[in-house]
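Enquirer: model-v2.cif is reproduced below (mmCIF, C-alpha atoms and all ligand atoms).
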data_work
#
loop_
_atom_site.label_atom_id
_atom_site.label_comp_id
_atom_site.auth_asym_id
_atom_site.auth_seq_id
_atom_site.Cartn_x
_atom_site.Cartn_y
_atom_site.Cartn_z
CA MET U 1 -7.17 -17.32 -40.60
CA VAL U 2 -8.66 -18.76 -37.42
CA LYS U 3 -10.58 -16.63 -34.93
CA ILE U 4 -10.77 -17.58 -31.28
CA LYS U 5 -13.10 -15.57 -29.12
CA VAL U 6 -12.10 -14.53 -25.63
CA ASP U 7 -15.58 -14.11 -24.24
CA LEU U 8 -15.40 -11.47 -21.53
CA LYS U 9 -18.72 -9.74 -22.33
CA ASP U 10 -18.07 -6.06 -23.08
CA ARG U 11 -14.31 -6.61 -22.68
CA GLY U 12 -14.29 -9.60 -25.05
CA TYR U 13 -12.14 -9.78 -28.19
CA ASP U 14 -10.90 -12.05 -30.94
CA VAL U 15 -7.52 -13.69 -31.19
CA ILE U 16 -6.82 -13.95 -34.90
CA VAL U 17 -4.24 -16.52 -35.96
CA GLY U 18 -2.94 -16.90 -39.49
CA THR U 19 0.09 -17.00 -41.75
CA ASP U 20 1.28 -13.96 -43.73
CA THR U 21 -1.47 -11.92 -42.13
CA LEU U 22 0.43 -8.88 -40.82
CA PRO U 23 -0.47 -6.60 -43.77
CA GLU U 24 -4.16 -7.26 -43.08
CA LEU U 25 -4.20 -5.72 -39.63
CA GLY U 26 -4.85 -2.24 -41.05
CA ALA U 27 -8.12 -3.39 -42.64
CA LEU U 28 -9.32 -4.86 -39.34
CA ILE U 29 -8.55 -1.62 -37.50
CA GLU U 30 -10.45 0.34 -40.10
CA ALA U 31 -13.44 -2.04 -40.23
CA ASP U 32 -13.82 -2.11 -36.43
CA LYS U 33 -12.97 1.62 -36.04
CA LEU U 34 -10.37 0.80 -33.41
CA GLY U 35 -8.29 3.96 -33.68
CA ARG U 36 -8.00 7.21 -35.59
CA GLU U 37 -4.23 7.20 -35.39
CA ILE U 38 -1.82 4.51 -34.38
CA PHE U 39 1.14 4.40 -32.03
CA ILE U 40 3.29 1.30 -32.49
CA ILE U 41 5.55 0.15 -29.66
CA THR U 42 8.18 -2.36 -30.73
CA ASP U 43 11.88 -3.19 -30.40
CA PRO U 44 14.60 -2.53 -33.00
CA LEU U 45 14.97 -6.16 -34.13
CA VAL U 46 11.26 -6.83 -34.50
CA ASN U 47 10.80 -3.45 -36.17
CA ASP U 48 13.48 -4.34 -38.73
CA LEU U 49 11.93 -7.72 -39.38
CA TYR U 50 8.23 -6.90 -39.36
CA GLY U 51 7.61 -3.17 -38.89
CA ASP U 52 7.32 -2.32 -42.60
CA ILE U 53 5.15 -5.37 -43.34
CA LEU U 54 2.69 -4.28 -40.66
CA ARG U 55 2.79 -0.57 -41.55
CA LYS U 56 2.15 -1.34 -45.24
CA GLY U 57 -1.44 -2.26 -44.40
CA LEU U 58 -2.18 0.72 -42.15
CA LYS U 59 -4.35 3.47 -43.53
CA GLN U 60 -4.17 5.75 -40.51
CA ARG U 61 -1.47 8.19 -39.43
CA ALA U 62 1.07 6.09 -37.52
CA LYS U 63 4.16 6.58 -35.44
CA THR U 64 6.58 3.85 -34.36
CA VAL U 65 8.62 4.04 -31.17
CA GLU U 66 11.35 1.51 -30.45
CA VAL U 67 12.22 0.28 -26.97
CA ALA U 68 15.59 -1.48 -26.64
CA ARG U 69 15.40 -5.27 -26.34
CA GLY U 70 15.32 -7.12 -23.04
CA GLU U 71 13.41 -7.64 -19.80
CA GLN U 72 15.26 -4.75 -18.11
CA GLN U 73 13.36 -2.30 -20.39
CA LYS U 74 10.07 -3.23 -18.74
CA ASN U 75 10.19 -0.45 -16.17
CA LEU U 76 8.57 2.84 -15.16
CA LYS U 77 11.35 4.98 -16.67
CA ILE U 78 10.73 3.53 -20.12
CA ALA U 79 6.98 3.85 -19.54
CA ALA U 80 7.48 7.58 -18.77
CA LYS U 81 9.41 8.02 -22.03
CA LEU U 82 6.61 6.33 -23.93
CA PHE U 83 4.04 8.67 -22.33
CA ASP U 84 6.19 11.62 -23.50
CA GLU U 85 6.19 10.22 -27.04
CA LEU U 86 2.43 9.75 -26.94
CA VAL U 87 1.93 13.37 -25.89
CA LYS U 88 4.31 14.55 -28.65
CA PHE U 89 2.37 12.47 -31.16
CA GLY U 90 -0.86 14.11 -29.99
CA ALA U 91 -2.43 10.81 -28.99
CA HIS U 92 -5.87 11.08 -27.44
CA ARG U 93 -8.72 8.82 -26.38
CA ASP U 94 -9.50 7.51 -29.84
CA SER U 95 -5.90 6.68 -30.65
CA LEU U 96 -4.78 3.06 -30.79
CA ILE U 97 -1.63 1.45 -29.44
CA ILE U 98 -0.13 -1.60 -31.11
CA GLY U 99 2.39 -3.73 -29.22
CA LEU U 100 4.54 -5.46 -31.86
CA GLY U 101 7.03 -7.87 -30.31
CA GLY U 102 7.56 -10.43 -27.55
CA GLY U 103 6.05 -10.50 -24.07
CA VAL U 104 8.20 -7.61 -22.84
CA ILE U 105 6.82 -5.27 -25.51
CA GLY U 106 3.30 -6.66 -24.99
CA ASP U 107 3.31 -6.11 -21.22
CA LEU U 108 4.70 -2.60 -21.64
CA ALA U 109 2.35 -1.62 -24.48
CA GLY U 110 -0.64 -2.96 -22.52
CA PHE U 111 0.39 -1.00 -19.43
CA ILE U 112 0.79 2.22 -21.42
CA ALA U 113 -2.60 1.68 -23.08
CA ALA U 114 -4.24 0.93 -19.72
CA THR U 115 -3.00 4.11 -18.10
CA TYR U 116 -2.69 6.75 -20.83
CA MET U 117 -5.76 9.00 -20.52
CA ARG U 118 -7.27 6.38 -18.17
CA GLY U 119 -7.17 3.72 -20.86
CA ILE U 120 -7.15 3.71 -24.64
CA ASN U 121 -7.53 0.90 -27.19
CA TYR U 122 -4.67 -1.45 -27.89
CA ILE U 123 -3.94 -4.48 -30.03
CA GLN U 124 -1.37 -7.12 -29.25
CA VAL U 125 0.72 -8.34 -32.20
CA PRO U 126 2.88 -10.95 -30.49
CA THR U 127 5.93 -12.21 -32.37
CA THR U 128 7.45 -14.80 -30.00
CA LEU U 129 5.86 -18.18 -29.33
CA LEU U 130 5.61 -17.38 -25.62
CA ALA U 131 3.77 -14.15 -26.32
CA GLN U 132 1.47 -15.75 -28.92
CA VAL U 133 0.34 -18.61 -26.70
CA ASP U 134 0.48 -16.85 -23.35
CA ALA U 135 1.53 -13.25 -22.65
CA ALA U 136 -0.64 -11.52 -25.27
CA ILE U 137 -3.86 -13.17 -24.12
CA GLY U 138 -5.68 -12.37 -20.92
CA GLY U 139 -4.98 -8.68 -20.37
CA LYS U 140 -2.26 -8.90 -17.73
CA THR U 141 -0.19 -5.77 -18.29
CA GLY U 142 2.64 -4.29 -16.30
CA VAL U 143 6.21 -3.31 -15.64
CA ASN U 144 8.84 -4.51 -13.19
CA HIS U 145 9.92 -2.88 -9.95
CA PRO U 146 13.67 -3.13 -9.15
CA LYS U 147 12.70 -5.42 -6.25
CA CYS U 148 10.07 -7.53 -7.96
CA LYS U 149 9.04 -8.67 -11.46
CA ASN U 150 5.65 -7.52 -12.75
CA LEU U 151 4.88 -5.64 -9.52
CA ILE U 152 3.22 -2.62 -11.14
CA GLY U 153 0.35 -3.19 -13.52
CA CYS U 154 -3.27 -4.03 -14.02
CA PHE U 155 -5.70 -6.22 -15.90
CA TYR U 156 -6.65 -4.43 -19.10
CA GLN U 157 -7.88 -6.38 -22.10
CA PRO U 158 -6.79 -5.61 -25.67
CA LYS U 159 -9.28 -4.97 -28.49
CA ALA U 160 -7.74 -7.82 -30.50
CA VAL U 161 -4.74 -10.12 -30.57
CA PHE U 162 -3.39 -10.47 -34.08
CA ILE U 163 -0.97 -13.37 -34.63
CA ASP U 164 1.06 -14.07 -37.75
CA VAL U 165 2.75 -17.42 -37.11
CA LYS U 166 5.25 -16.68 -39.87
CA THR U 167 7.01 -14.44 -37.35
CA LEU U 168 8.06 -17.64 -35.56
CA SER U 169 10.33 -18.50 -38.50
CA THR U 170 12.90 -15.90 -37.39
CA LEU U 171 12.90 -16.81 -33.69
CA PRO U 172 16.11 -18.26 -32.22
CA ALA U 173 15.74 -21.93 -31.21
CA ARG U 174 15.95 -21.15 -27.50
CA GLU U 175 13.12 -18.59 -27.70
CA LEU U 176 10.98 -21.13 -29.50
CA ARG U 177 11.68 -23.72 -26.81
CA THR U 178 10.76 -21.34 -23.99
CA GLY U 179 7.33 -20.94 -25.59
CA LEU U 180 7.01 -24.69 -26.04
CA ALA U 181 7.16 -25.21 -22.29
CA GLU U 182 3.92 -23.19 -21.96
CA VAL U 183 2.43 -25.15 -24.87
CA VAL U 184 3.11 -28.46 -23.09
CA LYS U 185 1.59 -26.94 -19.96
CA TYR U 186 -1.73 -26.43 -21.77
CA GLY U 187 -1.80 -30.10 -22.77
CA VAL U 188 -1.17 -31.24 -19.21
CA ILE U 189 -3.60 -28.91 -17.46
CA GLU U 190 -6.52 -28.98 -19.84
CA ASP U 191 -6.26 -30.96 -23.07
CA ALA U 192 -5.03 -34.58 -23.18
CA ASP U 193 -5.59 -34.86 -26.96
CA PHE U 194 -3.40 -31.82 -27.50
CA PHE U 195 -0.71 -33.41 -25.32
CA LYS U 196 -0.83 -36.54 -27.51
CA PHE U 197 -0.65 -34.37 -30.63
CA LEU U 198 2.49 -32.74 -29.24
CA GLU U 199 4.00 -36.16 -28.51
CA ALA U 200 3.30 -37.26 -32.08
CA ASN U 201 4.79 -34.10 -33.61
CA ALA U 202 7.60 -33.34 -31.16
CA HIS U 203 10.37 -34.08 -33.69
CA HIS U 204 9.03 -31.32 -36.00
CA LEU U 205 8.74 -28.69 -33.29
CA ASN U 206 12.03 -26.90 -33.80
CA THR U 207 13.49 -24.19 -36.02
CA LYS U 208 14.95 -26.62 -38.58
CA ALA U 209 11.72 -27.02 -40.50
CA PHE U 210 11.78 -23.30 -41.33
CA GLU U 211 15.12 -23.59 -43.09
CA GLU U 212 14.04 -25.38 -46.28
CA GLU U 213 11.40 -24.04 -48.62
CA GLU U 214 9.77 -27.52 -48.97
CA THR U 215 9.34 -28.03 -45.24
CA LYS U 216 8.46 -24.43 -44.39
CA ARG U 217 4.83 -24.64 -45.53
CA ALA U 218 4.15 -27.76 -43.47
CA ALA U 219 5.94 -26.20 -40.52
CA LEU U 220 3.78 -23.07 -40.65
CA LYS U 221 0.65 -25.21 -40.77
CA LEU U 222 1.80 -27.21 -37.77
CA TRP U 223 2.74 -24.10 -35.77
CA GLN U 224 -0.60 -22.54 -36.59
CA THR U 225 -2.33 -25.57 -35.07
CA ILE U 226 -0.08 -25.40 -32.00
CA VAL U 227 -0.81 -21.70 -31.48
CA VAL U 228 -4.56 -22.08 -32.09
CA GLU U 229 -4.95 -25.00 -29.66
CA SER U 230 -2.87 -23.22 -27.00
CA VAL U 231 -4.83 -19.99 -27.36
CA LYS U 232 -8.07 -21.94 -26.96
CA VAL U 233 -6.94 -23.28 -23.59
CA LYS U 234 -5.68 -19.92 -22.34
CA ALA U 235 -8.85 -18.17 -23.54
CA LYS U 236 -11.06 -20.73 -21.81
CA VAL U 237 -9.27 -20.30 -18.49
CA VAL U 238 -9.22 -16.49 -18.74
CA GLU U 239 -12.95 -16.43 -19.55
CA LYS U 240 -13.73 -18.31 -16.36
CA ASP U 241 -11.41 -16.28 -14.16
CA GLU U 242 -10.38 -12.99 -15.71
CA LYS U 243 -8.61 -11.57 -12.68
CA GLU U 244 -6.90 -14.64 -11.27
CA ALA U 245 -9.27 -15.09 -8.36
CA GLY U 246 -9.06 -18.87 -8.52
CA LEU U 247 -9.11 -21.09 -11.62
CA ARG U 248 -6.53 -19.01 -13.50
CA MET U 249 -4.08 -20.32 -10.92
CA ILE U 250 -3.91 -23.60 -12.90
CA LEU U 251 -1.90 -21.68 -15.49
CA ASN U 252 0.83 -21.64 -12.88
CA TYR U 253 1.49 -25.37 -13.36
CA GLY U 254 5.28 -25.73 -13.24
CA HIS U 255 5.70 -22.11 -12.23
CA THR U 256 5.91 -22.58 -8.45
CA VAL U 257 9.27 -24.34 -8.57
CA GLY U 258 10.10 -22.74 -11.95
CA HIS U 259 10.13 -19.19 -10.55
CA VAL U 260 12.33 -20.24 -7.66
CA ILE U 261 14.83 -21.95 -9.97
CA GLU U 262 14.88 -18.86 -12.22
CA SER U 263 15.55 -16.49 -9.34
CA LEU U 264 18.03 -18.73 -7.48
CA THR U 265 20.09 -18.94 -10.66
CA ARG U 266 19.73 -15.14 -11.06
CA TYR U 267 17.82 -15.40 -14.32
CA ARG U 268 21.04 -16.47 -16.05
CA ALA U 269 21.24 -20.26 -16.11
CA TYR U 270 17.69 -20.88 -17.29
CA ASN U 271 15.21 -18.79 -19.19
CA HIS U 272 11.57 -18.79 -18.12
CA GLY U 273 10.40 -21.76 -20.19
CA GLU U 274 13.37 -23.89 -19.22
CA ALA U 275 12.74 -23.27 -15.53
CA VAL U 276 9.02 -23.97 -15.99
CA ALA U 277 9.86 -27.26 -17.76
CA ILE U 278 11.81 -28.41 -14.70
CA GLY U 279 9.01 -27.13 -12.46
CA MET U 280 6.42 -29.16 -14.39
CA VAL U 281 8.39 -32.36 -13.90
CA VAL U 282 8.84 -31.60 -10.18
CA ALA U 283 5.09 -30.99 -9.82
CA ALA U 284 4.30 -34.22 -11.66
CA MET U 285 6.65 -36.16 -9.38
CA ILE U 286 5.07 -34.56 -6.32
CA ALA U 287 1.64 -35.54 -7.64
CA GLN U 288 2.83 -39.12 -8.08
CA ARG U 289 4.25 -39.22 -4.55
CA MET U 290 0.97 -37.81 -3.21
CA GLY U 291 -0.82 -40.74 -4.89
CA MET U 292 -2.61 -38.45 -7.35
CA LEU U 293 -0.88 -39.38 -10.62
CA ASP U 294 0.33 -42.53 -12.37
CA LYS U 295 4.08 -42.88 -12.85
CA GLU U 296 3.50 -43.49 -16.57
CA ILE U 297 2.21 -39.91 -16.96
CA VAL U 298 5.22 -38.48 -15.13
CA ILE U 299 7.44 -40.35 -17.59
CA ARG U 300 5.45 -39.04 -20.56
CA ILE U 301 5.56 -35.41 -19.39
CA LYS U 302 9.31 -35.62 -18.78
CA GLY U 303 9.83 -37.47 -22.06
CA LEU U 304 7.95 -34.90 -24.14
CA LEU U 305 9.85 -31.98 -22.59
CA GLU U 306 13.15 -33.74 -23.28
CA LYS U 307 12.18 -34.44 -26.89
CA LEU U 308 11.52 -30.73 -27.27
CA GLY U 309 15.01 -29.94 -26.00
CA LEU U 310 13.89 -28.57 -22.65
CA PRO U 311 15.77 -29.31 -19.41
CA THR U 312 14.20 -31.64 -16.87
CA GLU U 313 17.00 -32.04 -14.35
CA ILE U 314 18.12 -29.69 -11.59
CA ASP U 315 21.84 -29.01 -11.75
CA ASN U 316 23.78 -27.76 -8.79
CA LEU U 317 20.95 -26.39 -6.67
CA PRO U 318 20.47 -27.61 -3.11
CA ALA U 319 16.95 -28.88 -2.41
CA LYS U 320 17.04 -27.07 0.95
CA LYS U 321 17.57 -23.71 -0.76
CA ILE U 322 14.73 -24.34 -3.20
CA ILE U 323 12.33 -25.26 -0.39
CA ALA U 324 13.31 -22.17 1.63
CA ALA U 325 12.77 -19.94 -1.40
CA LEU U 326 9.41 -21.58 -2.16
CA SER U 327 7.97 -20.36 1.10
CA ILE U 328 8.72 -16.74 0.28
CA ASP U 329 7.56 -17.02 -3.34
CA LYS U 330 4.49 -15.01 -4.29
CA LYS U 331 2.30 -18.08 -4.61
CA VAL U 332 2.21 -18.36 -0.86
CA SER U 333 -1.33 -18.00 0.39
CA ALA U 334 -1.96 -17.80 4.12
CA GLY U 335 1.45 -19.26 4.82
CA LYS U 336 1.02 -22.23 2.45
CA VAL U 337 2.68 -22.94 -0.87
CA ASN U 338 0.21 -23.62 -3.66
CA PHE U 339 1.16 -26.42 -6.04
CA VAL U 340 -0.71 -27.10 -9.27
CA LEU U 341 -0.58 -30.89 -9.49
CA PRO U 342 -1.64 -33.04 -12.45
CA THR U 343 -4.11 -35.82 -11.71
CA LYS U 344 -4.12 -37.21 -15.28
CA LEU U 345 -3.37 -35.74 -18.70
CA GLY U 346 -5.67 -32.75 -19.16
CA SER U 347 -6.55 -32.28 -15.52
CA VAL U 348 -4.95 -30.67 -12.45
CA ASP U 349 -5.72 -29.95 -8.84
CA VAL U 350 -4.37 -27.12 -6.67
CA ARG U 351 -2.98 -28.27 -3.31
CA ASN U 352 -1.41 -26.28 -0.50
CA ASN U 353 -0.68 -29.22 1.77
CA VAL U 354 2.34 -30.81 0.12
CA PRO U 355 4.71 -32.05 2.84
CA ALA U 356 8.25 -30.62 2.61
CA SER U 357 9.59 -34.19 2.64
CA ILE U 358 7.77 -34.99 -0.62
CA ILE U 359 9.01 -31.78 -2.25
CA LYS U 360 12.54 -32.66 -1.17
CA GLN U 361 12.39 -36.26 -2.43
CA SER U 362 11.13 -35.05 -5.81
CA LEU U 363 13.84 -32.39 -6.12
CA VAL U 364 16.55 -34.84 -5.16
CA GLU U 365 15.29 -37.41 -7.67
CA LEU U 366 15.77 -34.75 -10.34
CA GLY U 367 19.36 -34.08 -9.35
CA ALA U 368 19.14 -31.39 -6.64
CA LYS U 369 21.80 -31.84 -3.97
N1 LIG U 401 1.12 -10.71 -19.47
C1 LIG U 401 1.21 -12.01 -19.28
O1 LIG U 401 0.21 -12.70 -19.03
C2 LIG U 401 2.54 -12.67 -19.40
C3 LIG U 401 2.62 -14.07 -19.43
C4 LIG U 401 3.87 -14.65 -19.60
C5 LIG U 401 5.00 -13.85 -19.72
N2 LIG U 401 4.89 -12.50 -19.68
C6 LIG U 401 6.06 -11.63 -19.82
O2 LIG U 401 6.62 -11.86 -21.12
C7 LIG U 401 8.00 -11.52 -21.07
C8 LIG U 401 8.79 -12.56 -21.82
O3 LIG U 401 8.34 -12.58 -23.16
P1 LIG U 401 9.19 -13.26 -24.34
O4 LIG U 401 9.60 -14.60 -23.93
O5 LIG U 401 8.42 -13.07 -25.57
O6 LIG U 401 10.54 -12.41 -24.35
P2 LIG U 401 10.93 -11.03 -25.03
O7 LIG U 401 9.77 -10.15 -25.20
O8 LIG U 401 12.10 -10.51 -24.29
O9 LIG U 401 11.41 -11.48 -26.48
C9 LIG U 401 12.56 -12.29 -26.61
C10 LIG U 401 13.48 -11.78 -27.69
O10 LIG U 401 12.97 -12.20 -28.95
C11 LIG U 401 13.12 -11.16 -29.90
N3 LIG U 401 12.07 -11.37 -30.88
C12 LIG U 401 10.75 -11.14 -30.73
N4 LIG U 401 10.08 -11.58 -31.79
C13 LIG U 401 11.00 -12.08 -32.65
C14 LIG U 401 10.90 -12.70 -33.91
N5 LIG U 401 9.73 -12.94 -34.49
N6 LIG U 401 12.05 -13.10 -34.51
C15 LIG U 401 13.24 -12.91 -33.89
N7 LIG U 401 13.38 -12.38 -32.69
C16 LIG U 401 12.26 -11.95 -32.07
C17 LIG U 401 13.01 -9.89 -29.11
O11 LIG U 401 13.70 -8.85 -29.73
C18 LIG U 401 13.61 -10.27 -27.76
O12 LIG U 401 14.96 -9.95 -27.73
C19 LIG U 401 8.37 -11.37 -19.61
O13 LIG U 401 8.52 -10.01 -19.31
C20 LIG U 401 7.17 -11.95 -18.87
O14 LIG U 401 6.97 -11.34 -17.62
C21 LIG U 401 3.67 -11.90 -19.52
#
Show how you would write the structure in this file as structure tokens.
Ligand SMILES: NC(=O)c1ccc[n+]([C@@H]2O[C@H](COP(=O)([O-])OP(=O)(O)OC[C@H]3O[C@@H](n4cnc5c(N)ncnc54)[C@H](O)[C@@H]3O)[C@@H](O)[C@H]2O)c1
Expert:
Amino acid sequence: MVKIKVDLKDRGYDVIVGTDTLPELGALIEADKLGREIFIITDPLVNDLYGDILRKGLKQRAKTVEVARGEQQKNLKIAAKLFDELVKFGAHRDSLIIGLGGGVIGDLAGFIAATYMRGINYIQVPTTLLAQVDAAIGGKTGVNHPKCKNLIGCFYQPKAVFIDVKTLSTLPARELRTGLAEVVKYGVIEDADFFKFLEANAHHLNTKAFEEEETKRAALKLWQTIVVESVKVKAKVVEKDEKEAGLRMILNYGHTVGHVIESLTRYRAYNHGEAVAIGMVVAAMIAQRMGMLDKEIVIRIKGLLEKLGLPTEIDNLPAKKIIAALSIDKKVSAGKVNFVLPTKLGSVDVRNNVPASIIKQSLVELGAK
């Protein structure tokens, strides 16, 4: 098991990454006295796959509540139902919530923990790659409003993040790829060696390796490295800027255009990671046109994403529409659009002065009409 500290003084915690570790969570809760009784929030699929394995190690009284799968469950109505269940269970200030699942479950469980009795302990047990490398770390919790994603929520750090990379072996290929987009992001924004490691191992970063017993062990080792290195980058950024006052903005690399592509295609054509992959290439091209980045790096970023099976072209979206939507996106600050632009591998700069003509040329080069 590898422990990565998220050093936030009295709100600090460990991210524990290992393989076949789920049954050991109970011992950690007991040793650190994290909760007298445990309320597990999960979804039916993850509960079927991993609920019993996790519960086997728990020594405390525990109750599991399932929330149906999908982003549309991340809302205040579901939150209200979970509060009702907590009251029925008799949860109080020394109870512990565990969020077992992907980012949807994690955001919801964190929000419930942050608000129930003005905040009780919670542990994230993320089971998708995206949640393991991103959503579970950093304490952003929340639910969606019908008009806007993640509108209602707060920063509230967990007591621990407990990752069993073996859970990745049951993820559908597309879910794995969506997490890989964030993994590539970490290489570009902060860690050139990690980017090179991803280039060297790209052909193994898929679900195939999990299928055969002989390759499974090596695959788990490789995924553990990927998760550990990604968590290190996220933890480092969160430590320096817990509440997204500045530096944490670099985590939005690829997200400026990515969010717009996701919403213009009504969250159907692309999932989050796919849209972010396109957004990362657009941002790299913009950086090159601004004279900030060598063309060779643009080619390498695009090449790595393609090797991982992520899209890098814009199909059927007019550049004009993307640019119009960019200006109303939430990353607008004082009327300007913030772009996180790479300057070399492992380093980025935030700019809000990108001329519309450069954005347009970059979009068109990638296939936008
Ligand atoms: N809080 C943050 O900082 C942060 C950061 C990024 C994203 N998010 C949020 O995360 C959410 C997306 O998370 P996601 O991509 O994990 O999606 P998700 O939570 O919807 O999970 C995707 C699907 O995978 C299934 N699943 C989960 N683990 C599995 C496993 N081990 N094997 C098989 N299937 C499994 C789930 O049942 C679900 O249907 C969004 O709501 C987004 O807003 C939050």
Enquirer: In Å, rounded to a single decimal, give me how far atom CA of U:Ala113 is from atom CA of U:Leu49.
Expert: 23.8 Å
Enquirer: Nearest to ligand LIG 401 (chain U): which of U:Leu45, U:Met292, U:Cys154, U:Ile250 is it, counting all atoms listed in the file?
Expert: U:Leu45
Enquirer: Near stretch 275-287 of chain U, counting all atoms listed in the file, which residues have an atom at most 6 Å away, once you skip same-chain residues fewer than 4 positions from it, shown as a VMD selection string?
Expert: chain U and resid 181 254 to 255 257 to 258 262 270 292 to 293 298 302 312 341 362
Enquirer: Filtering to C-alpha atoms, could you give me those residues as a compact mmCIF listing (two decimals), keeping the file's coordinate frame?
Expert:
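File written: again_17.txt
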# COMPACT_ATOMS: atom_id res chain seq x y z
CA ALA U 181 7.16 -25.21 -22.29
CA GLY U 254 5.28 -25.73 -13.24
CA HIS U 255 5.70 -22.11 -12.23
CA VAL U 257 9.27 -24.34 -8.57
CA GLY U 258 10.10 -22.74 -11.95
CA GLU U 262 14.88 -18.86 -12.22
CA TYR U 270 17.69 -20.88 -17.29
CA MET U 292 -2.61 -38.45 -7.35
CA LEU U 293 -0.88 -39.38 -10.62
CA VAL U 298 5.22 -38.48 -15.13
CA LYS U 302 9.31 -35.62 -18.78
CA THR U 312 14.20 -31.64 -16.87
CA LEU U 341 -0.58 -30.89 -9.49
CA SER U 362 11.13 -35.05 -5.81
Enquirer: Of the candidates U:Pro318, U:Gly187, U:Gly18, U:Gly309, which shows the shortest atom-to-atom distance to U:His203, using all atoms listed in the file?
Expert: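 Distance minimum relative to U:His203 lands on U:Gly309.
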Enquirer: At a cut-off of 12 Å around the point (3.2, -30.6, -20.1) (file coordinates), what residues fall inside when counting all atoms listed in the file? I'd like the answer as a count of residues only.
Expert: 58
Enquirer: Could I get the residues of chain U with an atom no further than 7 Å from an atom of ligand LIG 401 (chain U), each paired with its nearest atom pair and that distance in Å to one decimal, using only C-alpha atoms and all ligand atoms, sorted by chain and residue number, as a tab-separated table?
Expert:
residue	atom	partner	partner_atom	distance
U:Asp43	CA	U:LIG401	O11	6.0
U:Leu45	CA	U:LIG401	O11	5.3
U:Val46	CA	U:LIG401	C13	5.6
U:Arg69	CA	U:LIG401	O12	4.9
U:Gly70	CA	U:LIG401	O8	4.8
U:Glu71	CA	U:LIG401	O13	5.5
U:Lys74	CA	U:LIG401	O13	7.0
U:Gly101	CA	U:LIG401	C12	5.0
U:Gly102	CA	U:LIG401	O7	3.2
U:Gly103	CA	U:LIG401	O3	3.2
U:Val104	CA	U:LIG401	O7	3.8
U:Ile105	CA	U:LIG401	O7	5.7
U:Asp107	CA	U:LIG401	N1	5.4
U:Thr127	CA	U:LIG401	N4	4.2
U:Thr128	CA	U:LIG401	N4	4.5
U:Leu129	CA	U:LIG401	O5	6.8
U:Leu130	CA	U:LIG401	O5	5.1
U:Ala131	CA	U:LIG401	O5	4.8
U:Asp134	CA	U:LIG401	C3	5.3
U:Ala135	CA	U:LIG401	C2	3.5
U:Ala136	CA	U:LIG401	N1	6.1
U:Ile137	CA	U:LIG401	O1	6.5
U:Gly138	CA	U:LIG401	O1	6.2
U:Gly139	CA	U:LIG401	N1	6.5
U:Lys140	CA	U:LIG401	N1	4.2
U:Thr141	CA	U:LIG401	N1	5.2
U:Asn150	CA	U:LIG401	O14	6.3
U:Thr167	CA	U:LIG401	N5	4.2
U:Leu168	CA	U:LIG401	N5	5.1
U:Ser169	CA	U:LIG401	N5	6.9
U:Thr170	CA	U:LIG401	N6	4.1
U:Leu171	CA	U:LIG401	N6	3.9
U:Pro172	CA	U:LIG401	C15	6.3
U:Glu175	CA	U:LIG401	C9	6.4
U:Thr178	CA	U:LIG401	O4	6.8
U:Gly179	CA	U:LIG401	O4	6.9
Enquirer: Go ahead and compute the interatomic distance for atom CA of U:Gly106 and atom CA of U:Val125, in Å to one decimal.
Expert: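 These two atoms are separated by 7.8 Å.
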Enquirer: With distances taken over all atoms listed in the file, which residue among U:Asn316, U:Ile359, U:Ser263, U:Val6 lies nearest U:Lys147?
Expert: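 With all atoms listed in the file as the atom set, the closest residue is U:Ser263.
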